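**Q** This is the structure I want to talk about, given as structure tokens.
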Amino acid sequence: MGDIGENMEDKIKKIEYKICDFETVGDEKRRIIVEKIKEIIGVLDAKIDEENKSLIYIVDANSGDYEIFSSVMHLLEDEGVDLVFEDEKIVPEEVNEVEPEAEEVFADEKEESEKKEKKYEKIENIVVLSLSAVLIVLGFVFDKLGFSAARWVYMFGYAFAGYETLYSMITDIAEKRYAGEKIIVLAASFLLLFMGNGLLGSVVLFGFSLISCLYSAFGNITDRLSDLGVGKDDIKTETKESDYFVKKKAFIYDVVIVAIGLLIIFLLPLTSVKQYWNVLTQKWLNVGIGFIIIAFAGFRAKSVLTSVVFARVNAYGAGADLSDCSVLDKLSQKNKVCFGKTGVITETEGRVVEISGDKELIAKIAVSAENGLKDPVAQTILNRFKDVEPMTIINKKYVEGRGVSFDSDGKNYIVGSKKYLNKNDIEVADESEHSAVYIAENGKIIGAIYIDFPIKGDAEGVVTELGEDLGVSSCIVSADTVKVVENAKNAIGAESAVAGASAAYKAEYSQKDGVLYVGNENGDKSALDKLDVSITFGDADTCRKNKGRKCACVKNGDIKVVPYLLKLARRMKKIENQNKIICFAFKAVALTLGVMLSLLLSYYYAFVWAILVNALGDLIVFLNSCRNLTEAV
């Protein structure tokens with residue numbers, strides 16, 4: 001290729017980006033990138049500039065820059081190559097800076113356009129499947145009347161029925177999802193159509209496409225969360241079918257089912273060798289393919305996924321952001337709730353009710369100790385003394401839920417709970433009814449700050465609801481003093497309480513079978529990080545940064561969400577078990593019906609009814625999963 005952009009008219013734009021870590025991108029990868037960029041619609045040419053270590057491509061000035069740029073970025077992301085955007089150059093036209101307001105308007109318009117497109121796509125699928133159903137029924141009527149046009153009507157009905165399945169199969173292949181069952185259904189139904197059984201072939205594909213359309217249209221977590229107003233950056237996209245029906249297992253299962261079906265088709269007709277072909281095509285082909293279609297477990301897997309997806313959407317609507325789809329499954333196994341105190345059963349913002357000692361000095365030491373911390377005690381102190389300048393400190397050590405020690409001007413300061421000071425050989429005899437932050441200088445107490453954290457108005461009702469509606473016991477585990485924790489326990493009606501608990505003890509206590517810990521993200525982080533599952537009160541973005549943590553993040557700190565999540569989780573598990581029974585029962589009935597009518601009564605339409613019964617079971621399973629979208633009571 002010659003020099004790109006030479007002798008180009010003004011209608012051509014040359015775009016250049018520096019490539020990050022250029023030396024690490026091999027020659028072969030560069031060549032592949034260039035070839036793939038050339039294939040993007042709107043790109044006229046492309047090359048790698050070795051001297052400037054950059055990517056250059058040219059586009060028609062009238063083409064959509066955003067669409068082309070998105071395609072280029074998607075391609076580079078797949079290849080693991082990053083660009084340096086500060087060095088962007090667009091020649092010969094000058095790029096006008098887009099106002100932030102204009103960008104927001106454009107983004108909103110684009111999002112609205114995407115929603116409309118998806119809505120029209122759903123309507124289109126419904127219309128196409130409706131046409132298919134009408135044509136299949138019409139073909140059946142023509143067939144019964146002996147009209148030769150029946151086969152052509154079946155073909156058109158088959159074509160409309162295959163629209164959704166063929167489209168989703170291509171999408172699955174393009175996005176590297178397992179599409180084995182769709183391929184097999186398309187091939188099997190076409191074989192039936194080709195061999196003259198147009199009704200069964202059309203019904204097989206119609207039944208599969210109908211249920212598949214329901215799941216793709218209504219079982220997508222990204223679409224569901226978008227409808228709730230969740231930003232794209234906040235939507236978890238790791239929810240995939242492979243989470244519950246791993247590709248390898250699905251493939252092995254399908255291979256076994258197809259193998260059994262093929263044995264039925266080709267082996268059993270050997271009982272009538274002289275009429276092998278007629279018996280195979282008139283009877284065993286229908287039986288074998290019917291067995292394959294009915295025995296597939298695809299919609300069983302989808303029913304599990306969809307049930308969880310709907311429950312997760314429901315949880316988000318109630319104010320809880322789940323880290324992944326396994327959280328609700330784990331919550332369903334809990335029979336005891338262990339509440340943290342501060343910022344969980346109490347309000348996050350406390351009120352300083354008393355200061356003992358030199359108030360100015362105490363305030364300065366406390367602000368110096370709590371500066372930079374985000375737990376409720378720290379935030380209360382920092383808000384109360386926001387005009388106080390912190391001291392210059394060194395050797396600062398923070399123990400979560402306990403306190404802080406540091407040095408300043410040759411003096412050692414310890415700021416924290418009674419237990420923290422006692423552990424540092426500083427005797428504290430005081431036992432206040434308020435949360436107390438004690439302050440010691442060089443090993444001697446010089447004052448304290450007493451804070452009142454009001455109990456949340458709904459806390460008592462939540463404990464009652466957990467006990468009466470779910471049979472779940474409640475307890476409090478807190479680092480605070482015995483008197484403070486006992487008062488909190490009595491105020492909400494919890495069955496038990498533990499005072500003076502360290503982060504390690506909270507984690508150990510909550511790791512017992514059936515125990516669920518409900519904590520504050522800023523005050524209980526180290527304990528929460530050690531648990532198999534938890535409910536966390538705090539900022540969802542902060543929770544998401546802890547990639548390994550399984551938790552439900554209650555963004556608004558609403559304690560009523562705790563029993564709601566447990567009810568939702570238990571119902572989800574119950575629906576999942578119901579779906580297993582429904583799925584198995586309908587498949588068993590469909591197979592029995594098909595085989596008995598085909599073999600014992602030689603009924604030509606036996607497996608047509610069997611396929612319809614199987615599809616009805618899948619439809620009931622889907623509708624049962626939809627219950628997870630309703631309020632959990």
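FYI, nothing fancy with the structure tokens labels: chains A, B, ... in order, residues from 1 per chain, ligands from 1 as they appear.
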Which residues in stretch 7-216 of chain A does DSSP call helix (DSSP H, G or I)? List them as a PyMOL selection string.

**A** chain A and resi 22-24+27-38+65-79+100-145+150-174+180-194+198-216

**Q** Excluding stretch 182-186 of chain A and residues on its chain fewer than 6 positions from it, collect all residues at most 9 Å away from it, counting only C-alpha atoms, and give them as a list in words.

**A** Gly162, Thr165, Leu166, Ser168, Met169, Val204, Leu205, Phe208, Val258, Ile289, Ile292 and Ile293 of chain A

**Q** May I ask which of the residues A:Val415, A:Ile535, A:Val437, A:Cys213 is the closest one to A:Thr380, counting only C-alpha atoms?

**A** A:Val437

**Q** Counting only C-alpha atoms, what is within 12 Å of stretch 403-411 of chain A, bar same-chain residues fewer than 6 positions away, as a compact mmCIF listing (two decimals) with all heavy atoms, in the first residue's frame?

**A**
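That gives us around.txt:
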```
# COMPACT_ATOMS: atom_id res chain seq x y z
N LYS A 364 -8.64 18.40 68.54
CA LYS A 364 -7.49 18.38 67.63
C LYS A 364 -6.90 16.97 67.53
O LYS A 364 -6.56 16.51 66.43
CB LYS A 364 -6.43 19.37 68.12
CG LYS A 364 -5.42 19.77 67.07
CD LYS A 364 -4.58 20.93 67.57
CE LYS A 364 -3.72 21.52 66.45
NZ LYS A 364 -4.52 22.12 65.37
N ILE A 365 -6.77 16.30 68.66
CA ILE A 365 -6.21 14.94 68.66
C ILE A 365 -7.16 13.99 67.91
O ILE A 365 -6.73 13.16 67.11
CB ILE A 365 -5.98 14.44 70.10
CG1 ILE A 365 -4.92 15.30 70.78
CG2 ILE A 365 -5.55 12.98 70.10
CD1 ILE A 365 -4.77 15.04 72.27
N ALA A 366 -8.46 14.13 68.18
CA ALA A 366 -9.45 13.24 67.55
C ALA A 366 -9.47 13.44 66.03
O ALA A 366 -9.50 12.47 65.27
CB ALA A 366 -10.83 13.50 68.13
N VAL A 367 -9.46 14.68 65.59
CA VAL A 367 -9.46 14.97 64.15
C VAL A 367 -8.19 14.42 63.50
O VAL A 367 -8.23 13.86 62.39
CB VAL A 367 -9.59 16.49 63.89
CG1 VAL A 367 -9.28 16.82 62.44
CG2 VAL A 367 -10.98 16.95 64.27
N SER A 368 -7.06 14.55 64.17
CA SER A 368 -5.80 14.03 63.64
C SER A 368 -5.85 12.51 63.50
O SER A 368 -5.34 11.94 62.53
CB SER A 368 -4.64 14.41 64.57
OG SER A 368 -4.57 15.81 64.74
N ALA A 369 -6.49 11.84 64.47
CA ALA A 369 -6.59 10.38 64.44
C ALA A 369 -7.55 9.90 63.36
O ALA A 369 -7.27 8.93 62.65
CB ALA A 369 -7.03 9.87 65.81
N GLU A 370 -8.68 10.57 63.22
CA GLU A 370 -9.73 10.10 62.33
C GLU A 370 -9.60 10.63 60.90
O GLU A 370 -10.32 10.19 60.01
CB GLU A 370 -11.12 10.49 62.87
CG GLU A 370 -11.39 10.08 64.31
CD GLU A 370 -11.49 8.57 64.48
OE1 GLU A 370 -11.47 7.83 63.46
OE2 GLU A 370 -11.60 8.11 65.63
N ASN A 371 -8.69 11.57 60.68
CA ASN A 371 -8.54 12.17 59.36
C ASN A 371 -8.24 11.10 58.31
O ASN A 371 -7.33 10.29 58.45
CB ASN A 371 -7.40 13.19 59.40
CG ASN A 371 -7.36 14.03 58.13
OD1 ASN A 371 -8.39 14.33 57.54
ND2 ASN A 371 -6.15 14.38 57.70
N GLY A 372 -9.05 11.09 57.22
CA GLY A 372 -8.85 10.12 56.15
C GLY A 372 -9.64 8.84 56.30
O GLY A 372 -9.71 8.04 55.36
N LEU A 373 -10.25 8.62 57.47
CA LEU A 373 -11.04 7.41 57.69
C LEU A 373 -12.51 7.67 57.31
O LEU A 373 -12.97 8.80 57.35
CB LEU A 373 -10.95 6.96 59.15
CG LEU A 373 -9.53 6.68 59.68
CD1 LEU A 373 -9.59 6.25 61.13
CD2 LEU A 373 -8.85 5.60 58.83
N ASP A 375 -15.23 5.41 58.42
CA ASP A 375 -16.22 4.70 59.23
C ASP A 375 -17.14 5.71 59.92
O ASP A 375 -16.80 6.90 60.04
CB ASP A 375 -15.53 3.80 60.25
CG ASP A 375 -14.68 4.59 61.22
OD1 ASP A 375 -15.22 5.02 62.24
OD2 ASP A 375 -13.47 4.78 60.93
N VAL A 377 -17.96 6.47 63.00
CA VAL A 377 -17.40 7.22 64.13
C VAL A 377 -16.49 8.33 63.63
O VAL A 377 -16.56 9.49 64.06
CB VAL A 377 -16.63 6.29 65.10
CG1 VAL A 377 -15.87 7.11 66.14
CG2 VAL A 377 -17.58 5.32 65.78
N ALA A 378 -15.61 7.97 62.68
CA ALA A 378 -14.67 8.96 62.13
C ALA A 378 -15.41 10.10 61.45
O ALA A 378 -15.10 11.29 61.65
CB ALA A 378 -13.72 8.28 61.14
N PRO A 390 -5.87 19.36 61.64
CA PRO A 390 -5.18 18.21 62.25
C PRO A 390 -3.72 18.53 62.56
O PRO A 390 -3.12 19.43 61.97
CB PRO A 390 -5.30 17.13 61.17
CG PRO A 390 -5.45 17.87 59.89
CD PRO A 390 -6.20 19.12 60.22
N MET A 391 -3.16 17.76 63.47
CA MET A 391 -1.75 17.91 63.86
C MET A 391 -0.87 17.23 62.80
O MET A 391 -1.33 16.43 62.01
CB MET A 391 -1.52 17.25 65.23
CG MET A 391 -2.48 17.73 66.32
SD MET A 391 -2.65 16.57 67.69
CE MET A 391 -1.01 16.58 68.39
N THR A 392 0.40 17.55 62.86
CA THR A 392 1.37 16.84 62.03
C THR A 392 1.74 15.55 62.77
O THR A 392 2.23 15.60 63.89
CB THR A 392 2.63 17.69 61.80
OG1 THR A 392 2.24 18.91 61.16
CG2 THR A 392 3.62 16.94 60.92
N ILE A 393 1.45 14.42 62.14
CA ILE A 393 1.62 13.15 62.85
C ILE A 393 2.52 12.20 62.08
O ILE A 393 2.71 12.33 60.87
CB ILE A 393 0.26 12.47 63.11
CG1 ILE A 393 -0.41 12.06 61.79
CG2 ILE A 393 -0.66 13.39 63.90
CD1 ILE A 393 -1.68 11.28 61.96
N ILE A 394 3.05 11.19 62.78
CA ILE A 394 3.86 10.13 62.18
C ILE A 394 3.47 8.81 62.84
O ILE A 394 2.83 8.78 63.90
CB ILE A 394 5.38 10.39 62.34
CG1 ILE A 394 5.74 10.50 63.82
CG2 ILE A 394 5.82 11.62 61.57
CD1 ILE A 394 7.24 10.60 64.07
N ASN A 395 3.88 7.72 62.21
CA ASN A 395 3.68 6.36 62.75
C ASN A 395 2.21 6.07 63.07
O ASN A 395 1.89 5.48 64.10
CB ASN A 395 4.52 6.15 64.02
CG ASN A 395 6.01 6.34 63.78
OD1 ASN A 395 6.49 6.01 62.70
ND2 ASN A 395 6.71 6.88 64.76
N LYS A 396 1.34 6.48 62.18
CA LYS A 396 -0.09 6.27 62.41
C LYS A 396 -0.46 4.80 62.15
O LYS A 396 -0.09 4.24 61.12
CB LYS A 396 -0.92 7.18 61.50
CG LYS A 396 -2.43 7.08 61.74
CD LYS A 396 -3.17 8.10 60.87
CE LYS A 396 -4.66 8.05 61.11
NZ LYS A 396 -5.40 9.05 60.31
N LYS A 397 -1.18 4.20 63.08
CA LYS A 397 -1.63 2.82 62.94
C LYS A 397 -3.13 2.75 63.23
O LYS A 397 -3.59 3.26 64.25
CB LYS A 397 -0.88 1.90 63.90
CG LYS A 397 0.61 1.80 63.61
CD LYS A 397 1.30 0.90 64.63
CE LYS A 397 2.81 0.85 64.36
NZ LYS A 397 3.50 0.00 65.38
N SER A 417 -11.57 2.76 71.29
CA SER A 417 -12.54 2.18 72.21
C SER A 417 -11.88 1.80 73.54
O SER A 417 -10.65 1.78 73.66
CB SER A 417 -13.15 0.92 71.57
OG SER A 417 -12.15 -0.08 71.44
N LYS A 418 -12.73 1.47 74.49
CA LYS A 418 -12.24 1.05 75.80
C LYS A 418 -11.34 -0.17 75.67
O LYS A 418 -10.26 -0.23 76.27
CB LYS A 418 -13.43 0.75 76.70
CG LYS A 418 -13.08 0.16 78.06
CD LYS A 418 -14.32 -0.18 78.86
CE LYS A 418 -13.95 -0.85 80.17
NZ LYS A 418 -15.16 -1.18 80.97
N LYS A 419 -11.77 -1.13 74.87
CA LYS A 419 -11.01 -2.36 74.72
C LYS A 419 -9.66 -2.10 74.05
O LYS A 419 -8.65 -2.73 74.37
CB LYS A 419 -11.82 -3.37 73.89
CG LYS A 419 -11.32 -4.80 74.03
CD LYS A 419 -12.38 -5.78 73.56
CE LYS A 419 -11.93 -7.20 73.83
NZ LYS A 419 -12.97 -8.19 73.48
N TYR A 420 -9.63 -1.15 73.12
CA TYR A 420 -8.39 -0.83 72.42
C TYR A 420 -7.38 -0.21 73.38
O TYR A 420 -6.19 -0.55 73.36
CB TYR A 420 -8.69 0.14 71.26
CG TYR A 420 -7.50 0.47 70.40
CD1 TYR A 420 -6.79 -0.52 69.73
CD2 TYR A 420 -7.07 1.79 70.26
CE1 TYR A 420 -5.70 -0.21 68.93
CE2 TYR A 420 -5.99 2.12 69.47
CZ TYR A 420 -5.31 1.11 68.79
OH TYR A 420 -4.23 1.43 67.99
N LEU A 421 -7.88 0.67 74.23
CA LEU A 421 -6.96 1.28 75.21
C LEU A 421 -6.50 0.27 76.24
O LEU A 421 -5.33 0.25 76.64
CB LEU A 421 -7.63 2.48 75.88
CG LEU A 421 -7.36 3.85 75.19
CD1 LEU A 421 -8.06 3.92 73.84
CD2 LEU A 421 -7.75 5.01 76.09
N ASN A 422 -7.44 -0.58 76.69
CA ASN A 422 -7.06 -1.63 77.65
C ASN A 422 -5.99 -2.55 77.07
O ASN A 422 -5.07 -2.99 77.77
CB ASN A 422 -8.28 -2.46 78.04
CG ASN A 422 -9.23 -1.68 78.94
OD1 ASN A 422 -8.85 -0.67 79.53
ND2 ASN A 422 -10.47 -2.15 79.06
N LYS A 423 -6.12 -2.83 75.77
CA LYS A 423 -5.14 -3.70 75.13
C LYS A 423 -3.77 -3.04 75.08
O LYS A 423 -2.73 -3.71 75.01
CB LYS A 423 -5.61 -4.05 73.71
CG LYS A 423 -4.83 -5.19 73.08
CD LYS A 423 -5.47 -5.61 71.77
CE LYS A 423 -4.69 -6.80 71.19
NZ LYS A 423 -5.27 -7.25 69.91
N ASN A 424 -3.75 -1.72 75.12
CA ASN A 424 -2.48 -0.97 75.13
C ASN A 424 -2.08 -0.58 76.56
O ASN A 424 -1.35 0.40 76.76
CB ASN A 424 -2.61 0.28 74.24
CG ASN A 424 -2.56 -0.05 72.77
OD1 ASN A 424 -1.48 -0.16 72.18
ND2 ASN A 424 -3.73 -0.20 72.16
N ALA A 436 -18.26 5.63 73.05
CA ALA A 436 -17.21 6.52 73.56
C ALA A 436 -15.91 6.33 72.79
O ALA A 436 -15.51 5.20 72.50
CB ALA A 436 -16.98 6.28 75.04
N VAL A 437 -15.26 7.45 72.46
CA VAL A 437 -13.92 7.45 71.87
C VAL A 437 -12.98 8.03 72.92
O VAL A 437 -13.03 9.24 73.22
CB VAL A 437 -13.88 8.29 70.57
CG1 VAL A 437 -12.47 8.31 70.02
CG2 VAL A 437 -14.86 7.73 69.54
N TYR A 438 -12.14 7.19 73.49
CA TYR A 438 -11.24 7.63 74.56
C TYR A 438 -9.92 8.09 73.95
O TYR A 438 -9.46 7.57 72.93
CB TYR A 438 -11.00 6.48 75.54
CG TYR A 438 -12.26 6.03 76.23
CD1 TYR A 438 -12.97 4.93 75.77
CD2 TYR A 438 -12.75 6.72 77.34
CE1 TYR A 438 -14.14 4.51 76.39
CE2 TYR A 438 -13.93 6.30 77.97
CZ TYR A 438 -14.61 5.20 77.49
OH TYR A 438 -15.76 4.80 78.10
N ILE A 439 -9.31 9.08 74.63
CA ILE A 439 -8.07 9.65 74.12
C ILE A 439 -7.02 9.63 75.23
O ILE A 439 -7.24 10.12 76.34
CB ILE A 439 -8.30 11.10 73.64
CG1 ILE A 439 -9.29 11.07 72.46
CG2 ILE A 439 -6.99 11.76 73.23
CD1 ILE A 439 -9.76 12.41 72.01
N ALA A 440 -5.88 9.02 74.88
CA ALA A 440 -4.78 8.91 75.85
C ALA A 440 -3.53 9.56 75.28
O ALA A 440 -3.25 9.46 74.09
CB ALA A 440 -4.50 7.44 76.17
N GLU A 441 -2.79 10.23 76.18
CA GLU A 441 -1.54 10.87 75.80
C GLU A 441 -0.43 10.27 76.66
O GLU A 441 -0.50 10.32 77.89
CB GLU A 441 -1.63 12.38 76.00
CG GLU A 441 -0.35 13.13 75.65
CD GLU A 441 -0.46 14.62 75.96
OE1 GLU A 441 -0.91 15.36 75.06
OE2 GLU A 441 -0.14 15.00 77.11
N ASN A 442 0.56 9.67 75.99
CA ASN A 442 1.69 9.03 76.69
C ASN A 442 1.21 8.07 77.78
O ASN A 442 1.71 8.06 78.91
CB ASN A 442 2.62 10.09 77.30
CG ASN A 442 3.36 10.88 76.23
OD1 ASN A 442 3.58 10.38 75.13
ND2 ASN A 442 3.73 12.11 76.55
N GLY A 443 0.20 7.29 77.43
CA GLY A 443 -0.25 6.23 78.34
C GLY A 443 -1.25 6.65 79.39
O GLY A 443 -1.62 5.83 80.24
N LYS A 444 -1.74 7.89 79.35
CA LYS A 444 -2.72 8.35 80.34
C LYS A 444 -3.93 8.97 79.64
O LYS A 444 -3.77 9.74 78.69
CB LYS A 444 -2.10 9.39 81.28
CG LYS A 444 -1.00 8.81 82.18
CD LYS A 444 -0.47 9.88 83.13
CE LYS A 444 0.62 9.32 84.04
NZ LYS A 444 1.14 10.34 84.99
N ALA A 479 -18.21 -3.83 68.22
CA ALA A 479 -16.98 -3.52 68.95
C ALA A 479 -17.25 -2.61 70.14
O ALA A 479 -16.35 -2.35 70.95
CB ALA A 479 -15.97 -2.87 68.00
N ASP A 480 -18.48 -2.14 70.28
CA ASP A 480 -18.82 -1.19 71.34
C ASP A 480 -18.88 -1.88 72.71
O ASP A 480 -18.74 -3.10 72.83
CB ASP A 480 -20.15 -0.52 71.03
CG ASP A 480 -20.08 0.99 71.22
OD1 ASP A 480 -19.42 1.41 72.20
OD2 ASP A 480 -20.67 1.72 70.41
N SER A 502 -13.89 -7.84 67.82
CA SER A 502 -12.92 -7.38 66.83
C SER A 502 -13.39 -7.77 65.44
O SER A 502 -14.32 -8.57 65.28
CB SER A 502 -11.56 -8.02 67.10
OG SER A 502 -11.63 -9.43 66.93
N ALA A 503 -12.71 -7.22 64.42
CA ALA A 503 -13.06 -7.57 63.04
C ALA A 503 -12.87 -9.07 62.81
O ALA A 503 -13.68 -9.72 62.13
CB ALA A 503 -12.21 -6.77 62.06
N GLY A 523 -17.08 0.52 58.08
CA GLY A 523 -16.69 0.15 59.43
C GLY A 523 -16.33 -1.31 59.61
O GLY A 523 -15.69 -1.68 60.60
```

**Q** Which is closest to A:Ser473 among A:Asn335, A:Thr536, A:Gln511, A:Asn52, if we use only C-alpha atoms?

**A**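 Comparing A:Asn335, A:Thr536, A:Gln511, A:Asn52 against A:Ser473, the winner is A:Asn335.
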
**Q** Quick check for you: according to DSSP on this backbone, which residues of stretch 243-416 of chain A are classed as strand (DSSP E)? Reply as a PyMOL selection string.

**A** chain A and resi 320-322+336-339+351-356+394-399+403-408+411-416

**Q** Distance atom CA of A:Lys18-atom CA of A:Ile48, one decimal place?

**A**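 If I compute the distance from atom CA of A:Lys18 to atom CA of A:Ile48, I get 9.8 Å.
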
**Q** Tell me, as number ranges by chain, which residues lie within 9 Å of stretch 125-139 of chain A, counting only C-alpha atoms; anything in the same chain fewer than 3 positions away does not count.

**A** A: 120-122, 142-144, 149-164, 198-199, 202-203, 206, 209-210, 213

**Q** Save the residues we just selected, N, CA and C atoms, as a short mmCIF file (atom, residue, chain, number, x, y, z; two decimals), in the first residue's frame?

**A**
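Everything below was put into selection-v1.cif:
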```cif
data_model
loop_
_atom_site.label_atom_id
_atom_site.label_comp_id
_atom_site.auth_asym_id
_atom_site.auth_seq_id
_atom_site.Cartn_x
_atom_site.Cartn_y
_atom_site.Cartn_z
N TYR A 120 -38.82 -2.58 18.95
CA TYR A 120 -39.28 -2.97 17.63
C TYR A 120 -38.85 -4.39 17.29
N GLU A 121 -37.66 -4.77 17.79
CA GLU A 121 -37.17 -6.12 17.53
C GLU A 121 -38.07 -7.16 18.20
N LYS A 122 -38.51 -6.88 19.43
CA LYS A 122 -39.42 -7.79 20.13
C LYS A 122 -40.75 -7.89 19.37
N PHE A 142 -54.92 -27.55 4.86
CA PHE A 142 -54.74 -27.93 3.46
C PHE A 142 -54.36 -29.40 3.33
N ASP A 143 -53.51 -29.84 4.27
CA ASP A 143 -53.05 -31.24 4.25
C ASP A 143 -54.23 -32.18 4.45
N LYS A 144 -55.11 -31.85 5.41
CA LYS A 144 -56.27 -32.70 5.68
C LYS A 144 -57.25 -32.71 4.52
N ALA A 149 -50.86 -27.76 -2.11
CA ALA A 149 -50.19 -26.54 -1.67
C ALA A 149 -49.75 -26.62 -0.21
N ALA A 150 -50.18 -27.66 0.50
CA ALA A 150 -49.86 -27.79 1.92
C ALA A 150 -48.36 -27.76 2.17
N ARG A 151 -47.59 -28.48 1.33
CA ARG A 151 -46.14 -28.54 1.55
C ARG A 151 -45.50 -27.17 1.43
N TRP A 152 -46.02 -26.34 0.49
CA TRP A 152 -45.45 -25.00 0.32
C TRP A 152 -45.84 -24.09 1.49
N VAL A 153 -47.04 -24.26 1.98
CA VAL A 153 -47.46 -23.47 3.15
C VAL A 153 -46.62 -23.84 4.36
N TYR A 154 -46.36 -25.16 4.53
CA TYR A 154 -45.49 -25.60 5.61
C TYR A 154 -44.09 -24.99 5.48
N MET A 155 -43.59 -24.92 4.28
CA MET A 155 -42.24 -24.36 4.06
C MET A 155 -42.18 -22.89 4.49
N PHE A 156 -43.22 -22.13 4.14
CA PHE A 156 -43.22 -20.73 4.55
C PHE A 156 -43.38 -20.61 6.07
N GLY A 157 -44.24 -21.46 6.64
CA GLY A 157 -44.39 -21.46 8.10
C GLY A 157 -43.10 -21.82 8.78
N TYR A 158 -42.38 -22.77 8.21
CA TYR A 158 -41.08 -23.18 8.75
C TYR A 158 -40.07 -22.03 8.66
N ALA A 159 -40.07 -21.34 7.53
CA ALA A 159 -39.13 -20.23 7.34
C ALA A 159 -39.36 -19.12 8.36
N PHE A 160 -40.63 -18.77 8.60
CA PHE A 160 -40.92 -17.74 9.60
C PHE A 160 -40.56 -18.22 11.01
N ALA A 161 -40.82 -19.51 11.29
CA ALA A 161 -40.50 -20.05 12.62
C ALA A 161 -38.99 -20.04 12.87
N GLY A 162 -38.21 -20.23 11.81
CA GLY A 162 -36.76 -20.30 11.97
C GLY A 162 -36.07 -18.96 12.06
N TYR A 163 -36.83 -17.88 11.85
CA TYR A 163 -36.24 -16.54 11.84
C TYR A 163 -35.52 -16.23 13.15
N GLU A 164 -36.24 -16.42 14.28
CA GLU A 164 -35.67 -16.10 15.59
C GLU A 164 -34.51 -17.02 15.93
N GLY A 198 -43.80 -32.15 6.91
CA GLY A 198 -43.75 -30.71 7.05
C GLY A 198 -44.36 -30.21 8.35
N LEU A 199 -45.44 -30.88 8.80
CA LEU A 199 -46.10 -30.44 10.03
C LEU A 199 -45.20 -30.59 11.23
N SER A 202 -42.16 -28.19 11.10
CA SER A 202 -42.52 -26.80 11.40
C SER A 202 -42.84 -26.62 12.88
N VAL A 203 -43.56 -27.58 13.46
CA VAL A 203 -43.93 -27.49 14.88
C VAL A 203 -42.70 -27.56 15.77
N PHE A 206 -41.05 -24.20 15.47
CA PHE A 206 -41.90 -23.16 16.06
C PHE A 206 -41.86 -23.22 17.59
N SER A 209 -38.48 -22.01 18.83
CA SER A 209 -38.31 -20.57 18.61
C SER A 209 -39.18 -19.73 19.54
N LEU A 210 -40.39 -20.23 19.81
CA LEU A 210 -41.31 -19.48 20.69
C LEU A 210 -40.70 -19.31 22.08
N CYS A 213 -37.54 -17.18 22.01
CA CYS A 213 -37.87 -15.76 21.86
C CYS A 213 -38.27 -15.15 23.20
#
```

**Q** Would you work out the distance separating atom CA of A:Phe194 from atom CA of A:Ile173, expressed in Å to one decimal?

**A**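 Computed distance, atom CA of A:Phe194 to atom CA of A:Ile173, equals 25.3 Å.
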
**Q** Please provide the set of residues having any atom within 9 Å of stretch 281-283 of chain A, restricted to only C-alpha atoms, with same-chain residues fewer than 2 positions apart removed, written as a list in words.

**A** Leu192, Met195, Gly196, Asn197, Ile265, Pro269, Tyr276, Trp277, Asn278, Val279, Leu285, Asn286, Val287, Gly288, Ser598, Leu599, Ser602 and Tyr604 of chain A

**Q** May I ask for the distance between atom CA of A:Arg402 and atom CA of A:Ile414, given in Å to one decimal place?

**A**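 If I compute the distance from atom CA of A:Arg402 to atom CA of A:Ile414, I get 10.5 Å.
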
**Q** Got a sec: who's within 12 Å of stretch 468-471 of chain A, counting only C-alpha atoms, leaving out chain neighbours fewer than 4 positions off, as a ChimeraX atom specification?

**A** /A:332-337,461-464,562-571,632-633

**Q** Go ahead and write the residues just picked, C-alpha atoms, as a short mmCIF file (atom, residue, chain, number, x, y, z; two decimals), in the first residue's frame.

**A**
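This is the output file part-v6.cif:
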```cif
data_model
loop_
_atom_site.label_atom_id
_atom_site.label_comp_id
_atom_site.auth_asym_id
_atom_site.auth_seq_id
_atom_site.Cartn_x
_atom_site.Cartn_y
_atom_site.Cartn_z
CA SER A 332 -31.36 -18.71 50.75
CA GLN A 333 -29.32 -20.98 53.05
CA LYS A 334 -29.13 -18.53 55.98
CA ASN A 335 -31.23 -18.96 59.14
CA LYS A 336 -29.60 -16.41 61.46
CA VAL A 337 -28.82 -12.74 60.83
CA GLY A 461 -39.75 -4.14 62.86
CA VAL A 462 -37.08 -5.86 60.76
CA VAL A 463 -36.07 -8.14 63.64
CA THR A 464 -39.73 -9.01 64.22
CA VAL A 562 -32.49 -7.38 54.68
CA PRO A 563 -35.65 -9.48 55.22
CA TYR A 564 -36.80 -8.65 51.69
CA LEU A 565 -33.63 -10.18 50.23
CA LEU A 566 -33.96 -13.30 52.36
CA LYS A 567 -37.58 -13.74 51.28
CA LEU A 568 -36.62 -13.18 47.65
CA ALA A 569 -33.74 -15.66 47.90
CA ARG A 570 -35.89 -18.37 49.45
CA ARG A 571 -38.64 -17.88 46.91
CA ALA A 632 -41.41 -10.95 47.78
CA VAL A 633 -43.73 -11.35 50.76
#
```

**Q** Go through A:Phe266, A:Phe310, A:Tyr413, A:Tyr505 and flag the residue nearest A:Leu623, using only C-alpha atoms for the distances.

**A**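 Smallest distance to A:Leu623 is found for A:Phe310.
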